[in-house]
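K.L.:
So here's coords_7.txt, just compact mmCIF, C-alpha atoms and all ligand atoms:
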# COMPACT_ATOMS: atom_id res chain seq x y z
CA MET A 162 116.09 96.40 64.22
CA GLN A 163 114.44 99.81 64.56
CA LYS A 164 116.48 102.77 63.34
CA PRO A 165 117.47 105.35 66.00
CA PRO A 166 114.94 108.21 66.23
CA ILE A 167 115.60 111.54 64.55
CA ILE A 168 114.54 115.07 65.42
CA THR A 169 115.01 117.55 62.57
CA ILE A 170 115.23 121.29 63.16
CA ASP A 171 115.17 123.33 59.95
CA GLY A 172 114.80 127.00 59.17
CA PRO A 173 116.66 130.09 57.97
CA SER A 174 119.71 131.44 59.80
CA GLY A 175 119.19 133.57 62.89
CA THR A 176 116.26 131.55 64.20
CA GLY A 177 118.42 130.00 66.92
CA LYS A 178 118.29 126.59 65.19
CA GLY A 179 121.85 125.69 66.08
CA SER A 180 121.56 126.59 69.78
CA VAL A 181 118.17 124.88 70.07
CA ALA A 182 119.43 121.72 68.36
CA LYS A 183 122.49 121.58 70.61
CA ALA A 184 120.47 122.07 73.80
CA VAL A 185 117.91 119.43 72.80
CA ALA A 186 120.64 116.93 71.83
CA ASP A 187 122.40 117.55 75.18
CA ARG A 188 119.21 117.02 77.17
CA LEU A 189 118.38 113.80 75.35
CA GLY A 190 121.94 112.51 75.14
CA PHE A 191 121.46 112.35 71.34
CA ALA A 192 124.12 112.90 68.65
CA LEU A 193 124.06 116.25 66.85
CA LEU A 194 124.41 117.02 63.15
CA ASP A 195 125.05 120.68 62.32
CA SER A 196 124.65 120.30 58.56
CA GLY A 197 125.29 124.03 58.04
CA ALA A 198 128.82 123.46 59.39
CA LEU A 199 129.36 120.88 56.62
CA TYR A 200 128.26 123.35 53.92
CA ARG A 201 130.30 126.11 55.55
CA THR A 202 133.42 123.92 55.67
CA LEU A 203 132.94 122.90 52.05
CA GLY A 204 132.62 126.60 51.15
CA ILE A 205 135.89 127.43 52.91
CA ALA A 206 137.58 124.40 51.31
CA VAL A 207 136.47 125.61 47.85
CA LEU A 208 138.06 129.00 48.58
CA ARG A 209 141.27 127.50 49.94
CA HIS A 210 141.63 125.15 46.98
CA GLY A 211 140.98 128.03 44.58
CA ILE A 212 138.08 126.22 42.87
CA ALA A 213 135.65 128.38 40.90
CA LEU A 214 131.96 128.19 41.81
CA GLU A 215 131.30 127.48 38.12
CA GLU A 216 132.99 124.07 38.52
CA PRO A 217 130.29 121.93 40.18
CA GLN A 218 132.02 118.61 39.45
CA LEU A 219 135.28 119.73 41.05
CA ILE A 220 133.32 120.98 44.08
CA ALA A 221 131.46 117.67 44.36
CA ASP A 222 134.75 115.73 44.13
CA LEU A 223 136.18 117.91 46.88
CA ALA A 224 133.02 117.36 48.98
CA LEU A 225 133.39 113.58 48.68
CA LYS A 226 136.95 113.52 49.94
CA LEU A 227 136.69 116.42 52.38
CA ASP A 228 138.63 115.67 55.57
CA ILE A 229 136.38 117.20 58.25
CA GLU A 230 136.64 116.49 61.95
CA PHE A 231 134.13 117.79 64.46
CA GLY A 232 134.94 118.33 68.14
CA ARG A 233 138.70 117.83 68.14
CA ASN A 234 139.47 121.21 69.79
CA GLY A 235 136.29 121.51 71.86
CA PRO A 236 132.61 120.73 71.37
CA ASP A 237 131.92 123.28 68.58
CA SER A 238 135.24 123.00 66.81
CA VAL A 239 135.65 121.99 63.18
CA CYS A 240 138.92 120.98 61.51
CA LEU A 241 139.47 120.89 57.75
CA ASP A 242 142.51 118.88 56.59
CA GLY A 243 143.69 118.96 60.20
CA VAL A 244 143.51 122.78 60.40
CA ASP A 245 141.05 124.45 62.79
CA VAL A 246 138.46 126.38 60.74
CA SER A 247 135.94 126.90 63.57
CA GLN A 248 136.25 130.70 63.30
CA ALA A 249 136.65 130.92 59.52
CA ILE A 250 133.40 129.06 58.81
CA ARG A 251 131.40 131.46 61.02
CA THR A 252 132.46 134.66 59.21
CA GLU A 253 130.14 136.41 56.74
CA GLN A 254 132.35 135.02 53.97
CA GLY A 255 131.84 131.53 55.40
CA SER A 256 128.06 132.08 55.41
CA ASP A 257 128.10 133.37 51.86
CA MET A 258 130.20 130.50 50.51
CA ALA A 259 128.03 127.93 52.33
CA SER A 260 124.90 129.29 50.71
CA ARG A 261 126.62 129.30 47.28
CA VAL A 262 127.94 125.73 47.44
CA GLY A 263 124.59 124.71 48.94
CA SER A 264 122.84 125.70 45.73
CA ILE A 265 124.95 123.23 43.70
CA ALA A 266 123.03 119.97 43.24
CA LEU A 267 126.16 117.82 42.82
CA ALA A 268 127.65 119.21 46.03
CA ARG A 269 124.45 118.39 47.95
CA SER A 270 124.43 114.78 46.73
CA ALA A 271 128.11 114.45 47.60
CA LEU A 272 127.39 115.49 51.21
CA LEU A 273 124.30 113.28 51.62
CA GLN A 274 125.91 110.03 52.82
CA ARG A 275 128.11 111.92 55.28
CA GLN A 276 124.95 113.35 56.86
CA LEU A 277 123.15 109.98 56.96
CA ASN A 278 126.16 108.53 58.82
CA PHE A 279 125.37 110.73 61.83
CA ARG A 280 122.31 108.59 62.65
CA ARG A 281 123.21 106.43 65.62
CA PRO A 282 121.70 105.19 68.90
CA PRO A 283 120.18 106.49 71.04
CA GLY A 284 119.11 109.12 68.46
CA LEU A 285 120.05 112.20 66.45
CA VAL A 286 119.12 115.86 66.38
CA ALA A 287 119.86 117.27 62.90
CA ASP A 288 119.71 120.97 62.07
CA GLY A 289 119.77 122.63 58.66
CA ARG A 290 117.55 123.54 55.74
CA ASP A 291 116.47 120.19 54.29
CA MET A 292 116.83 117.77 57.20
CA GLY A 293 113.10 117.01 57.39
CA THR A 294 112.42 117.19 53.66
CA VAL A 295 115.36 115.43 51.97
CA VAL A 296 118.01 113.99 54.28
CA PHE A 297 115.79 112.41 56.96
CA PRO A 298 112.24 112.37 55.53
CA ASP A 299 111.44 109.53 57.98
CA ALA A 300 112.27 111.64 61.07
CA GLN A 301 109.86 111.16 63.98
CA VAL A 302 109.88 114.84 64.96
CA LYS A 303 110.19 117.67 62.42
CA ILE A 304 110.39 121.27 63.48
CA PHE A 305 110.70 124.35 61.30
CA LEU A 306 111.80 127.51 63.10
CA THR A 307 111.02 130.94 61.69
CA ALA A 308 111.47 134.57 62.83
CA SER A 309 111.14 137.90 61.06
CA ALA A 310 114.19 138.93 58.98
CA GLU A 311 114.58 142.08 61.13
CA GLU A 312 114.68 140.06 64.35
CA ARG A 313 117.16 137.59 62.86
CA ALA A 314 119.45 140.41 61.67
CA GLN A 315 119.25 141.98 65.16
CA ARG A 316 120.28 138.68 66.76
CA ARG A 317 123.24 138.33 64.40
CA TYR A 318 124.23 141.96 65.05
CA LYS A 319 124.22 141.44 68.82
CA GLN A 320 126.19 138.22 68.42
CA LEU A 321 128.91 139.94 66.34
CA ILE A 322 129.12 143.03 68.55
CA GLY A 323 129.29 140.72 71.57
CA LYS A 324 132.35 139.09 70.01
CA GLY A 325 133.92 142.52 69.42
CA ILE A 326 133.35 142.30 65.63
CA ASP A 327 132.18 145.50 63.89
CA ALA A 328 128.90 145.16 62.02
CA ILE A 329 126.27 147.28 60.29
CA LEU A 330 122.73 146.17 60.98
CA LEU A 331 121.33 147.14 57.58
CA ASP A 332 124.13 145.28 55.75
CA LEU A 333 123.46 142.19 57.83
CA LEU A 334 119.74 142.42 57.05
CA ARG A 335 120.42 142.76 53.32
CA ASP A 336 122.89 139.83 53.26
CA LEU A 337 120.51 137.65 55.25
CA GLN A 338 117.62 138.40 52.90
CA GLU A 339 119.82 137.64 49.91
CA ARG A 340 120.84 134.28 51.38
CA ASP A 341 117.25 133.44 52.34
CA GLU A 342 116.20 134.18 48.79
CA ARG A 343 118.98 132.03 47.32
CA ASP A 344 118.27 129.16 49.77
CA SER A 345 114.51 129.34 49.11
CA ILE A 346 114.35 129.58 45.33
CA ARG A 347 116.97 126.96 44.47
CA PRO A 348 115.31 124.05 42.66
CA ILE A 349 117.10 121.41 44.71
CA SER A 350 116.40 121.05 48.46
CA PRO A 351 115.00 124.55 48.88
CA LEU A 352 114.49 126.01 52.32
CA LYS A 353 110.89 125.06 53.10
CA PRO A 354 109.08 123.21 55.87
CA ALA A 355 108.31 119.51 55.40
CA GLU A 356 104.57 118.90 55.03
CA ASP A 357 104.55 117.14 58.40
CA ALA A 358 106.73 119.72 60.20
CA THR A 359 105.57 121.82 63.14
CA ILE A 360 106.27 125.49 62.43
CA LEU A 361 107.42 127.55 65.40
CA ASP A 362 107.73 131.33 65.10
CA THR A 363 110.52 132.43 67.45
CA THR A 364 110.33 136.20 66.81
CA LYS A 365 108.96 136.93 70.28
CA LEU A 366 110.50 133.98 72.13
CA ASP A 367 113.82 133.72 73.90
CA LEU A 368 116.06 130.69 73.55
CA ALA A 369 114.86 129.00 76.74
CA GLN A 370 111.22 129.31 75.62
CA VAL A 371 111.98 127.80 72.22
CA ILE A 372 113.85 124.89 73.82
CA GLU A 373 110.89 124.25 76.16
CA GLN A 374 108.42 124.23 73.28
CA VAL A 375 110.59 121.87 71.27
CA MET A 376 111.01 119.54 74.26
CA THR A 377 107.22 119.48 74.72
CA LEU A 378 106.78 118.51 71.07
CA VAL A 379 109.46 115.84 71.35
CA SER A 380 107.91 114.26 74.43
CA GLY A 381 104.53 114.18 72.65
CA LYS A 382 105.95 112.48 69.57
CA LEU A 383 108.53 110.22 71.23
CA PRO A 384 106.71 109.12 74.41
CA GLY A 385 109.13 106.19 74.79
CA LEU A 386 111.89 108.60 75.84
CA ASN A 387 110.23 109.16 79.26
CA LEU A 388 111.21 112.84 79.47
O1 LIG B 1 122.60 126.73 59.10
P1 LIG B 1 123.72 127.67 58.65
O2 LIG B 1 123.37 129.13 58.78
O3 LIG B 1 125.03 127.34 59.27
O4 LIG B 1 123.88 127.37 57.07
C1 LIG B 1 124.73 128.14 56.25
C2 LIG B 1 124.38 127.96 54.78
O5 LIG B 1 124.56 126.60 54.40
C3 LIG B 1 122.94 128.30 54.41
O6 LIG B 1 122.83 129.62 53.90
C4 LIG B 1 122.58 127.31 53.34
C5 LIG B 1 123.55 126.17 53.50
N1 LIG B 1 122.90 124.97 54.04
C6 LIG B 1 122.20 124.18 53.16
O7 LIG B 1 122.11 124.51 51.98
N2 LIG B 1 121.62 123.04 53.61
C7 LIG B 1 121.70 122.66 54.89
N3 LIG B 1 121.14 121.53 55.29
C8 LIG B 1 122.39 123.49 55.82
C9 LIG B 1 122.97 124.64 55.36
Starting from the file, lay out its structure as structure tokens.
P.N.:
Amino acid sequence: MQKPPIITIDGPSGTGKGSVAKAVADRLGFALLDSGALYRTLGIAVLRHGIALEEPQLIADLALKLDIEFGRNGPDSVCLDGVDVSQAIRTEQGSDMASRVGSIALARSALLQRQLNFRRPPGLVADGRDMGTVVFPDAQVKIFLTASAEERAQRRYKQLIGKGIDAILLDLLRDLQERDERDSIRPISPLKPAEDATILDTTKLDLAQVIEQVMTLVSGKLPGLNL
């Protein structure tokens, strides 16, 4: 039996990956894997369990038995051990911890099977850093979204201010560049496009334009979907 098709959307934060992946999954009726949410939840779990980042084996053990539930309190909600952490994982601390646990090889292997389990009919849209390179190298459609660091920091700034959260643009830019650097130079699953990925620069595009371009690519590569 043929495996369900996969569309991977990778790239640094602030490129609109998450929103694009969600919109594309909705349009196609596909399942969605927000792998960043897994890393974020693991990061928050590490904090809550008081585990030091210098303890990779303990972090991997925690990752294996992590009780995560998506969607219980609404489509974007995430529960950890039955407690809603949807807000906590989206804070700057959540971003920072996700990037830190994401650079631990043992933690990445521990989360691999969980990610593979998201593949189901009629198909999956997976967003993250290494979806097209490591987790689903056999994906039919691979997209890598980019945008300038300044534009990405601006987007994050507007998002936070829109939620009534105080933010300083230059601090956001610095933190984002630090995380990009950490995600890109790590030896395991670094942030980089798969060789067969289509790179899409979103700096001058709005969300609707990015979604349209992705849908055009998908219909070219998965003609059987009759879009
Ligand atoms: O996609 P995001 O911004 O929610 O991801 C947050 C952090 O999680 C990111 O800085 C690196 C890590 N991450 C990862 O290492 N691998 C993934 N597939 C997804 C996220």
K.L.:
Fewer than 3 positions away in the same chain doesn't count, so skip those; otherwise give me all residues within 12 Å of region 211-222 of chain A, counting all atoms listed in the file, as a list of chain:residue names.
P.N.:
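So, after excluding close chain neighbours, the residues are A:Tyr200, A:Thr202, A:Leu203, A:Gly204, A:Ile205, A:Ala206, A:Val207, A:Leu208, A:Leu225, A:Lys226, A:Leu227, A:Asp257, A:Met258, A:Ala259, A:Ser260, A:Arg261, A:Val262, A:Gly263, A:Ser264, A:Ile265, A:Ala266, A:Leu267, A:Ala268, A:Arg269, A:Ser270, A:Ala271, A:Leu272, A:Leu273.
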K.L.:
Given all atoms listed in the file as the basis, pick out the residue of A:Ser256, A:Gln274, A:Thr377, A:Gln370 nearest to Gly197 (chain A).
P.N.:
A:Ser256
K.L.:
Leaving out Gln248 (chain A) and any residue of its chain fewer than 5 positions from it, which residues lie within 10 Å of it when counting only C-alpha atoms, given as a CSV table (one decimal) with C-alpha atoms, in the coordinates of the input?
P.N.:
chain,number,residue,atom,x,y,z
A,238,SER,CA,135.2,123.0,66.8
A,239,VAL,CA,135.6,122.0,63.2
A,255,GLY,CA,131.8,131.5,55.4
K.L.:
With all atoms of ligand LIG 1 (chain B) from the file as input, state the centre and edge lengths in Å to one decimal of the axis-aligned box that has 4 Å extra on each side, as JSON.
P.N.:
{"center_x": 123.1, "center_y": 125.6, "center_z": 55.6, "size_x": 11.9, "size_y": 16.1, "size_z": 15.3}
K.L.:
From the options A:Ile250, A:Ile326, A:Val181, A:Ala308, which residue's atoms come nearest to ligand LIG 1 (chain B), counting all atoms listed in the file?
P.N.:
A:Ile250
K.L.:
Kindly indicate which residue among A:Arg280, A:Arg233, A:Lys178, A:Lys319 lies nearest to ligand LIG 1 (chain B), using only C-alpha atoms and all ligand atoms for the distances.
P.N.:
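Smallest separation from ligand LIG 1 (chain B) among the options: A:Lys178.
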K.L.:
Quick one: everything within 10 Å of Ser350 (chain A), counting all atoms listed in the file, minus sequence neighbours fewer than 2 positions away in the same chain. Send it as a ChimeraX atom specification.
P.N.:
/A:263-264,266,269,290-292,294-296,344-348,352-353
K.L.:
Selected residues, C-alpha atoms, written as a compact mmCIF listing (two decimals), in the frame of the given file, please.
P.N.:
# COMPACT_ATOMS: atom_id res chain seq x y z
CA GLY A 263 124.59 124.71 48.94
CA SER A 264 122.84 125.70 45.73
CA ALA A 266 123.03 119.97 43.24
CA ARG A 269 124.45 118.39 47.95
CA ARG A 290 117.55 123.54 55.74
CA ASP A 291 116.47 120.19 54.29
CA MET A 292 116.83 117.77 57.20
CA THR A 294 112.42 117.19 53.66
CA VAL A 295 115.36 115.43 51.97
CA VAL A 296 118.01 113.99 54.28
CA ASP A 344 118.27 129.16 49.77
CA SER A 345 114.51 129.34 49.11
CA ILE A 346 114.35 129.58 45.33
CA ARG A 347 116.97 126.96 44.47
CA PRO A 348 115.31 124.05 42.66
CA LEU A 352 114.49 126.01 52.32
CA LYS A 353 110.89 125.06 53.10
K.L.:
From the options A:Leu337, A:Cys240, A:Val302, A:Val185, which residue's atoms come nearest to ligand LIG 1 (chain B), counting all atoms listed in the file?
P.N.:
A:Leu337
K.L.:
So which one's closest to Ile167 (chain A), A:Ala186, A:Leu223, A:Val244, A:Leu306? Using only C-alpha atoms, please.
P.N.:
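Going through A:Ala186, A:Leu223, A:Val244, A:Leu306 one by one, the smallest distance to Ile167 (chain A) is for A:Ala186.
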K.L.:
If you measure from CA of Val371 (chain A) to atom C9 of ligand LIG 1 (chain B), what distance in Å do you get, rounded to one decimal?
P.N.:
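Separation between CA of Val371 (chain A) and atom C9 of ligand LIG 1 (chain B): 20.4 Å.
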K.L.:
Quick one: distance from CA of Thr252 (chain A) to CA of Lys303 (chain A) in Å, one decimal?
P.N.:
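About the pair CA of Thr252 (chain A) and CA of Lys303 (chain A): they are 28.2 Å apart.
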K.L.:
Counting all atoms listed in the file, what is within 6 Å of Asp171 (chain A), bar same-chain residues fewer than 3 positions away, as a list of chain:residue names?
P.N.:
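The residues satisfying every condition are A:Asp288, A:Gly289, A:Arg290, A:Phe305.
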K.L.:
Mind writing the picked residues with C-alpha atoms as a CSV table (one decimal), in the coordinates of the input?
P.N.:
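New file result-v1.csv:
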chain,number,residue,atom,x,y,z
A,288,ASP,CA,119.7,121.0,62.1
A,289,GLY,CA,119.8,122.6,58.7
A,290,ARG,CA,117.6,123.5,55.7
A,305,PHE,CA,110.7,124.4,61.3
K.L.:
Using all atoms listed in the file, which of the listed residues (A:Gly293, A:Glu230, A:Glu373, A:Glu253) sits closest to Asp332 (chain A)?
P.N.:
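So, comparing all the options, the nearest one is A:Glu253.
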K.L.:
Using Å and a single decimal, report how far CA of Pro282 (chain A) sits from CA of Phe191 (chain A).
P.N.:
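Here the two named atoms are 7.6 Å from each other.
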